[in-house]
Structures are given as structure tokens and as C-alpha cells.
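For reference, the structure discussed in these notes is given below.
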Amino acid sequence: MKLSQYVVDAFTDKVFAGNPAAVCVMEQWLPEETMQKIAIENNLSETAFAVREDKGYHLRWFTPGGEVELCGHATLATAYVIMTLIEQGRAQVEFSTLSGTLTVEREGDLLVMDFPSFELRPVPVTDELCQAIGVKPLEAYIGADMVCVLESEEQVRAVIPDLEQIRALDGVCFHITAKGKNYDCITRSFAPKCNVAEDPVCGRGHCHVIPLWAKALGKNDLTAYQASRRGGVLYCTYNGERTVLRGKAALFSKSEIYF
């Protein structure tokens with residue numbers, strides 16, 4: 001069999017930055033085992049698979065470590081492929097996912113994603129949390145992922161994570177965040193449970209941290225920066241139960257998979 005695959009750098013306007021995601025838009029579903037093997041072979045933080053249904057698409061996301069219920073950058077990448085390459089000129093697309101219906105639409109040169117906000121509850125700052133990142137967080141929260149608020153942008157950038165320690169903590173992913181200097185907030189994201197050391201730009205993570213910073217800063221429109229080695233910018237709006245993420249995307253490659 002042969003399958004077309006695109007690799008798109010999300011949350012950036014140029015290649016070699018942002019977060020790369022592989023995208024496969026298919027006529028029908030492949031066996032789950034095959035999709036997982038493709039994700040492992042790609043060895044990117046996410047491979048997205050989409051199948052058209054009715055007026056929209058059914059979308060699933062696979063990390064090298066398994067399927068997840070929500071991924072921001074791979075949704076952005078999939079919408080870019082559909083609206084720019086497969087259905088050129090399309091202005092909006094709806095995805096049926098494990099996290100419900102997700103809508104992506106064009107807003108100038110940005111793609112706008114309407115995502116669920118994660119509900120967070122405070123948790124104690126334990127020795128295990130401190131050992132995981134080598135610094136004591138000011139606050140810690142748990143939703144689907146763990147979030148630690150640090151004192152400064154410099155601390156976030158300097159952290160050398162203990163991935164095995166993070167693997168033992170609660171939450172699917174682990175995010176560290178602080179108030180930014182040139183951006184409202186700055187964040188890094190780690191996902192060893194998904195076999196991803198550091199996620200270059202994490203939309204899912206910002207559905208955790210944007211609600212926190214919107215309340216802390218007293219504003220609903222925020223510009224966020226993901227301080228990974230590749231880096232990425234997200235333009236965000238907090239709407240209570242929903243978080244809107246805006247970003248750009250750049251096509252890196254198109255290829256054929258043979259299996």
C-alpha cells in the first residue's frame with residue numbers, strides 16, 4: 001500500500017522552527033496497529049490521521065508512545081494541509097475527535113483553533129516535583145497534565161529535566177511556566193510517557209497554562225512563547241471552558257509511505 005504524508009511545522013511561519021507534525025489524510029482508516037507503527041517510524045512528537053466524514057473530518061493523534069486525546073500542533077498542521085493543499089481555499093474545518101468537535105478557521109494569515117480548557121486543581125509542591133526539574137516551583141497544578149509555575153523566565157529556560165522522575169509523576173505531560181519578559185507567559189513541555197522528551201510547541205499544554213495566566217494577569221488575550229530549542233509563538237484567548245489558540249504553519253515536506 002501507499003499513503004501520502006505531509007510534515008508541517010506548526011506555530012511558526014518558517015520551516016525548521018515550531019513543532020513538526022506528520023499528517024496523513026486518508027480515504028478510510030488503517031488498522032490502529034499500523035497507525036501506531038507509522039508514528040513510531042516518524043519519531044515526531046505527533047502523527048495525525050484524518051478521514052473525511054460528512055462535512056468535516058475525523059481526526060486522531062498518535063505519539064510514538066500511543067494515542068492521545070488532544071494535540072494542538074498536529075490539529076493546526078492537519079487543518080493547514082486540508083485548507084491549503086487538499087481543499088484549497090477552504091476557510092473552516094471541523095474535526096471529530098476524542099476531545100469532542102474542534103473547529104479551525106482562517107483569520108488573516110493565522111489559523112484559529114477552538115479547544116477545551118483543562119480544569120486544574122492545586123497540588124502540593126513535593127520533593128519529587130523539585131527533583132524532577134531541579135528547582136522549587138512557586139505553585140503546582142494537575143489537570144490532564146501536571147503544571148508547575150516557576151519564579152522567572154530564566155528558571156524555565158535553564159531547567160534540565162529528570163525525565164524518569166517526570167515519568168513517575170501524575171499527568172500525561174509535564175509543563176513548566178512563568179511570566180515572560182517579551183510575552184505574557186513562557187512555557188516548556190515534557191512528555192516522557194509518550195516517548196517524547198521535550199515537545200517543541202505544545203497546544204495541549206497551553207490549554208492548561210493559558211487559563212492560569214489569564215486569571216493571574218487579569219486579561220483574556222495573551223501572547224505565549226514556547227521556549228524549546230525550536231521555539232514557537234501562540235496567540236491565545238481564554239474563554240472560560242474554551243481556549244482559543246492562533247498560530248501559523250509552514251509545509252516542510254510531502255512524501256509517500258510504502259507498507
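Every chain in the C-alpha cells has a letter given in the order shown (A, B, ...), and although residue numbers restart at 1 in each chain, ligands are simply numbered from 1 in the order shown.
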Non-local contacts of Phe174 of chain A (7 Å; only C-alpha atoms; under 5 positions in same chain excluded) as a list in words: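 Here the qualifying residues turn out to be Asp145, Met146, Val147, Ser189, Phe190 and Ala191 of chain A.
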Would you mind exporting C-alpha atoms of the selected residues as a compact mmCIF listing (two decimals), in the first residue's frame?
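Generated file (result.txt):
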# COMPACT_ATOMS: atom_id res chain seq x y z
CA ASP A 145 -1.22 17.18 32.73
CA MET A 146 0.98 18.46 35.55
CA VAL A 147 1.77 22.21 35.56
CA SER A 189 6.61 20.89 27.93
CA PHE A 190 7.91 17.37 28.55
CA ALA A 191 6.17 14.10 27.68
Residues flagged strand (DSSP E or B) by DSSP in segment 51-208 of chain A, as an MDAnalysis selection string: chainID A and resid 51:53 56:63 66:68 92:97 100:107 110:116 121:122 139:142 146:149 174:179 185:191 196:199
Restricting it to C-alpha atoms, dump the selection as an mmCIF file, in the first residue's frame.
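As written to disk, selection.cif reads:
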data_model
loop_
_atom_site.group_PDB
_atom_site.id
_atom_site.type_symbol
_atom_site.label_atom_id
_atom_site.label_comp_id
_atom_site.auth_asym_id
_atom_site.auth_seq_id
_atom_site.Cartn_x
_atom_site.Cartn_y
_atom_site.Cartn_z
ATOM 1 C CA VAL A 51 -10.592 10.616 7.399
ATOM 2 C CA ARG A 52 -13.329 12.688 5.771
ATOM 3 C CA GLU A 53 -16.852 12.186 7.123
ATOM 4 C CA GLY A 56 -15.772 17.535 8.272
ATOM 5 C CA TYR A 57 -13.078 15.057 9.250
ATOM 6 C CA HIS A 58 -12.476 12.516 11.969
ATOM 7 C CA LEU A 59 -9.046 13.199 13.487
ATOM 8 C CA ARG A 60 -6.797 11.020 15.650
ATOM 9 C CA TRP A 61 -3.342 11.726 17.078
ATOM 10 C CA PHE A 62 -0.567 9.219 17.794
ATOM 11 C CA THR A 63 2.673 9.851 19.667
ATOM 12 C CA GLY A 66 0.474 5.773 21.940
ATOM 13 C CA GLU A 67 -2.735 7.591 21.021
ATOM 14 C CA VAL A 68 -3.651 10.790 22.910
ATOM 15 C CA GLN A 92 -13.020 26.391 8.052
ATOM 16 C CA VAL A 93 -12.844 22.739 9.009
ATOM 17 C CA GLU A 94 -14.437 20.772 11.836
ATOM 18 C CA PHE A 95 -12.759 17.743 13.375
ATOM 19 C CA SER A 96 -14.480 14.979 15.308
ATOM 20 C CA THR A 97 -12.028 13.856 17.994
ATOM 21 C CA GLY A 100 -15.220 16.465 21.024
ATOM 22 C CA THR A 101 -15.679 18.710 17.989
ATOM 23 C CA LEU A 102 -12.720 21.003 17.316
ATOM 24 C CA THR A 103 -13.086 23.868 14.843
ATOM 25 C CA VAL A 104 -10.245 25.519 12.927
ATOM 26 C CA GLU A 105 -10.778 28.589 10.748
ATOM 27 C CA ARG A 106 -8.701 31.179 8.924
ATOM 28 C CA GLU A 107 -8.165 34.624 10.411
ATOM 29 C CA LEU A 110 -3.429 32.768 11.194
ATOM 30 C CA LEU A 111 -5.260 29.505 11.798
ATOM 31 C CA VAL A 112 -7.613 29.736 14.779
ATOM 32 C CA MET A 113 -8.371 26.657 16.901
ATOM 33 C CA ASP A 114 -11.198 26.436 19.428
ATOM 34 C CA PHE A 115 -10.138 23.949 22.119
ATOM 35 C CA PRO A 116 -11.417 22.849 25.528
ATOM 36 C CA ARG A 121 -6.655 21.962 40.827
ATOM 37 C CA PRO A 122 -3.734 22.943 43.040
ATOM 38 C CA GLU A 139 2.831 26.563 42.621
ATOM 39 C CA ALA A 140 1.773 23.229 41.131
ATOM 40 C CA TYR A 141 -1.480 22.134 39.499
ATOM 41 C CA ILE A 142 -2.889 18.958 37.992
ATOM 42 C CA MET A 146 0.977 18.463 35.546
ATOM 43 C CA VAL A 147 1.772 22.211 35.556
ATOM 44 C CA CYS A 148 4.461 23.906 37.652
ATOM 45 C CA VAL A 149 4.685 27.694 37.914
ATOM 46 C CA PHE A 174 4.549 17.944 32.388
ATOM 47 C CA HIS A 175 4.667 21.717 31.814
ATOM 48 C CA ILE A 176 6.768 24.405 33.460
ATOM 49 C CA THR A 177 5.734 28.013 33.001
ATOM 50 C CA ALA A 178 6.488 31.555 34.181
ATOM 51 C CA LYS A 179 5.580 35.125 33.359
ATOM 52 C CA CYS A 185 3.950 33.750 29.523
ATOM 53 C CA ILE A 186 6.716 31.340 28.658
ATOM 54 C CA THR A 187 6.404 27.553 28.834
ATOM 55 C CA ARG A 188 8.258 24.298 28.258
ATOM 56 C CA SER A 189 6.607 20.890 27.933
ATOM 57 C CA PHE A 190 7.906 17.374 28.553
ATOM 58 C CA ALA A 191 6.172 14.099 27.681
ATOM 59 C CA VAL A 196 8.716 12.473 23.730
ATOM 60 C CA ALA A 197 11.480 14.119 25.753
ATOM 61 C CA GLU A 198 10.536 17.770 25.118
ATOM 62 C CA ASP A 199 7.636 18.858 22.931
#
Segment 39-151 of chain A near segment 204-227 of chain A within 7 Å: what's each residue's closest atom pair and its distance in Å to one decimal, counting only C-alpha atoms, ordered by chain then ascending residue number, as a Markdown table?
| residue | atom | partner | partner_atom | distance |
| --- | --- | --- | --- | --- |
| A:Leu70 | CA | A:Arg204 | CA | 6.4 |
| A:Cys71 | CA | A:Arg204 | CA | 5.4 |
| A:Gly72 | CA | A:Arg204 | CA | 5.3 |
| A:Pro116 | CA | A:Cys207 | CA | 6.9 |
| A:Ser117 | CA | A:Cys207 | CA | 5.0 |
| A:Phe118 | CA | A:His208 | CA | 5.4 |
Neighbouring residues of Pro161 of chain A were defined as those with any atom within 9 Å, considering only C-alpha atoms; residues of the same chain fewer than 5 positions away were excluded. Please report them as an mmCIF file with C-alpha atoms, in the first residue's frame.
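Output contents, as saved in result27.cif:
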data_model
loop_
_atom_site.group_PDB
_atom_site.id
_atom_site.type_symbol
_atom_site.label_atom_id
_atom_site.label_comp_id
_atom_site.auth_asym_id
_atom_site.auth_seq_id
_atom_site.Cartn_x
_atom_site.Cartn_y
_atom_site.Cartn_z
ATOM 1 C CA GLN A 131 13.764 16.735 41.944
ATOM 2 C CA ALA A 132 12.116 16.450 38.519
ATOM 3 C CA ILE A 133 13.189 19.954 37.455
ATOM 4 C CA GLY A 134 15.959 20.871 39.914
ATOM 5 C CA ILE A 166 8.739 13.142 35.475
ATOM 6 C CA PHE A 190 7.906 17.374 28.553
#
Which of segment 64-153 of chain A fall in helix (DSSP H, G or I), as JSON, numbers by chain: {"A": [72, 73, 74, 75, 76, 77, 78, 79, 80, 81, 82, 83, 84, 85, 86, 127, 128, 129, 130, 131, 132, 133, 153]}
Selection file, N, CA and C atoms, as a short mmCIF file (atom, residue, chain, number, x, y, z; two decimals), in the first residue's frame:
data_model
loop_
_atom_site.label_atom_id
_atom_site.label_comp_id
_atom_site.auth_asym_id
_atom_site.auth_seq_id
_atom_site.Cartn_x
_atom_site.Cartn_y
_atom_site.Cartn_z
N GLY A 72 -2.60 19.95 20.02
CA GLY A 72 -2.82 21.24 19.36
C GLY A 72 -2.05 21.40 18.07
N HIS A 73 -0.73 21.14 18.11
CA HIS A 73 0.08 21.46 16.93
C HIS A 73 -0.25 20.53 15.76
N ALA A 74 -0.62 19.27 16.06
CA ALA A 74 -0.97 18.36 14.96
C ALA A 74 -2.35 18.70 14.38
N THR A 75 -3.24 19.28 15.20
CA THR A 75 -4.51 19.77 14.67
C THR A 75 -4.28 20.95 13.74
N LEU A 76 -3.42 21.87 14.17
CA LEU A 76 -3.07 23.01 13.33
C LEU A 76 -2.47 22.54 12.02
N ALA A 77 -1.55 21.57 12.09
CA ALA A 77 -0.90 21.04 10.90
C ALA A 77 -1.89 20.37 9.96
N THR A 78 -2.83 19.61 10.52
CA THR A 78 -3.83 18.92 9.70
C THR A 78 -4.75 19.92 9.01
N ALA A 79 -5.19 20.94 9.76
CA ALA A 79 -6.04 21.97 9.17
C ALA A 79 -5.30 22.69 8.05
N TYR A 80 -4.03 22.95 8.24
CA TYR A 80 -3.23 23.62 7.21
C TYR A 80 -3.20 22.76 5.94
N VAL A 81 -2.96 21.46 6.09
CA VAL A 81 -2.90 20.57 4.93
C VAL A 81 -4.23 20.55 4.20
N ILE A 82 -5.32 20.43 4.94
CA ILE A 82 -6.64 20.35 4.31
C ILE A 82 -7.00 21.66 3.62
N MET A 83 -6.83 22.79 4.31
CA MET A 83 -7.31 24.07 3.79
C MET A 83 -6.37 24.69 2.77
N THR A 84 -5.10 24.26 2.77
CA THR A 84 -4.12 24.85 1.85
C THR A 84 -3.80 23.95 0.67
N LEU A 85 -3.83 22.63 0.88
CA LEU A 85 -3.35 21.71 -0.15
C LEU A 85 -4.44 20.79 -0.71
N ILE A 86 -5.29 20.26 0.15
CA ILE A 86 -6.28 19.28 -0.30
C ILE A 86 -7.56 19.95 -0.77
N ASP A 127 8.75 17.05 47.14
CA ASP A 127 10.17 16.84 46.86
C ASP A 127 10.35 16.23 45.48
N GLU A 128 9.41 15.36 45.09
CA GLU A 128 9.51 14.69 43.79
C GLU A 128 9.40 15.71 42.65
N LEU A 129 8.53 16.69 42.80
CA LEU A 129 8.41 17.75 41.79
C LEU A 129 9.70 18.54 41.69
N CYS A 130 10.26 18.89 42.83
CA CYS A 130 11.51 19.65 42.85
C CYS A 130 12.64 18.86 42.21
N GLN A 131 12.71 17.58 42.51
CA GLN A 131 13.76 16.74 41.94
C GLN A 131 13.60 16.59 40.44
N ALA A 132 12.37 16.63 39.95
CA ALA A 132 12.12 16.45 38.52
C ALA A 132 12.69 17.58 37.68
N ILE A 133 12.73 18.80 38.24
CA ILE A 133 13.19 19.95 37.46
C ILE A 133 14.36 20.70 38.10
N GLU A 153 11.33 33.60 33.93
CA GLU A 153 11.61 33.07 32.61
C GLU A 153 12.97 32.38 32.58
#
Nearest-residue call for Gln5 of chain A, choices A:Lys55, A:Ala21, A:Cys202, A:Gly65, using only C-alpha atoms: A:Ala21
Nearest to Cys24 of chain A by atom-to-atom distance, counting only C-alpha atoms, from A:Met1, A:Ala48, A:Gly180, A:Phe11: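 The answer is A:Ala48, which sits nearest to Cys24 of chain A.
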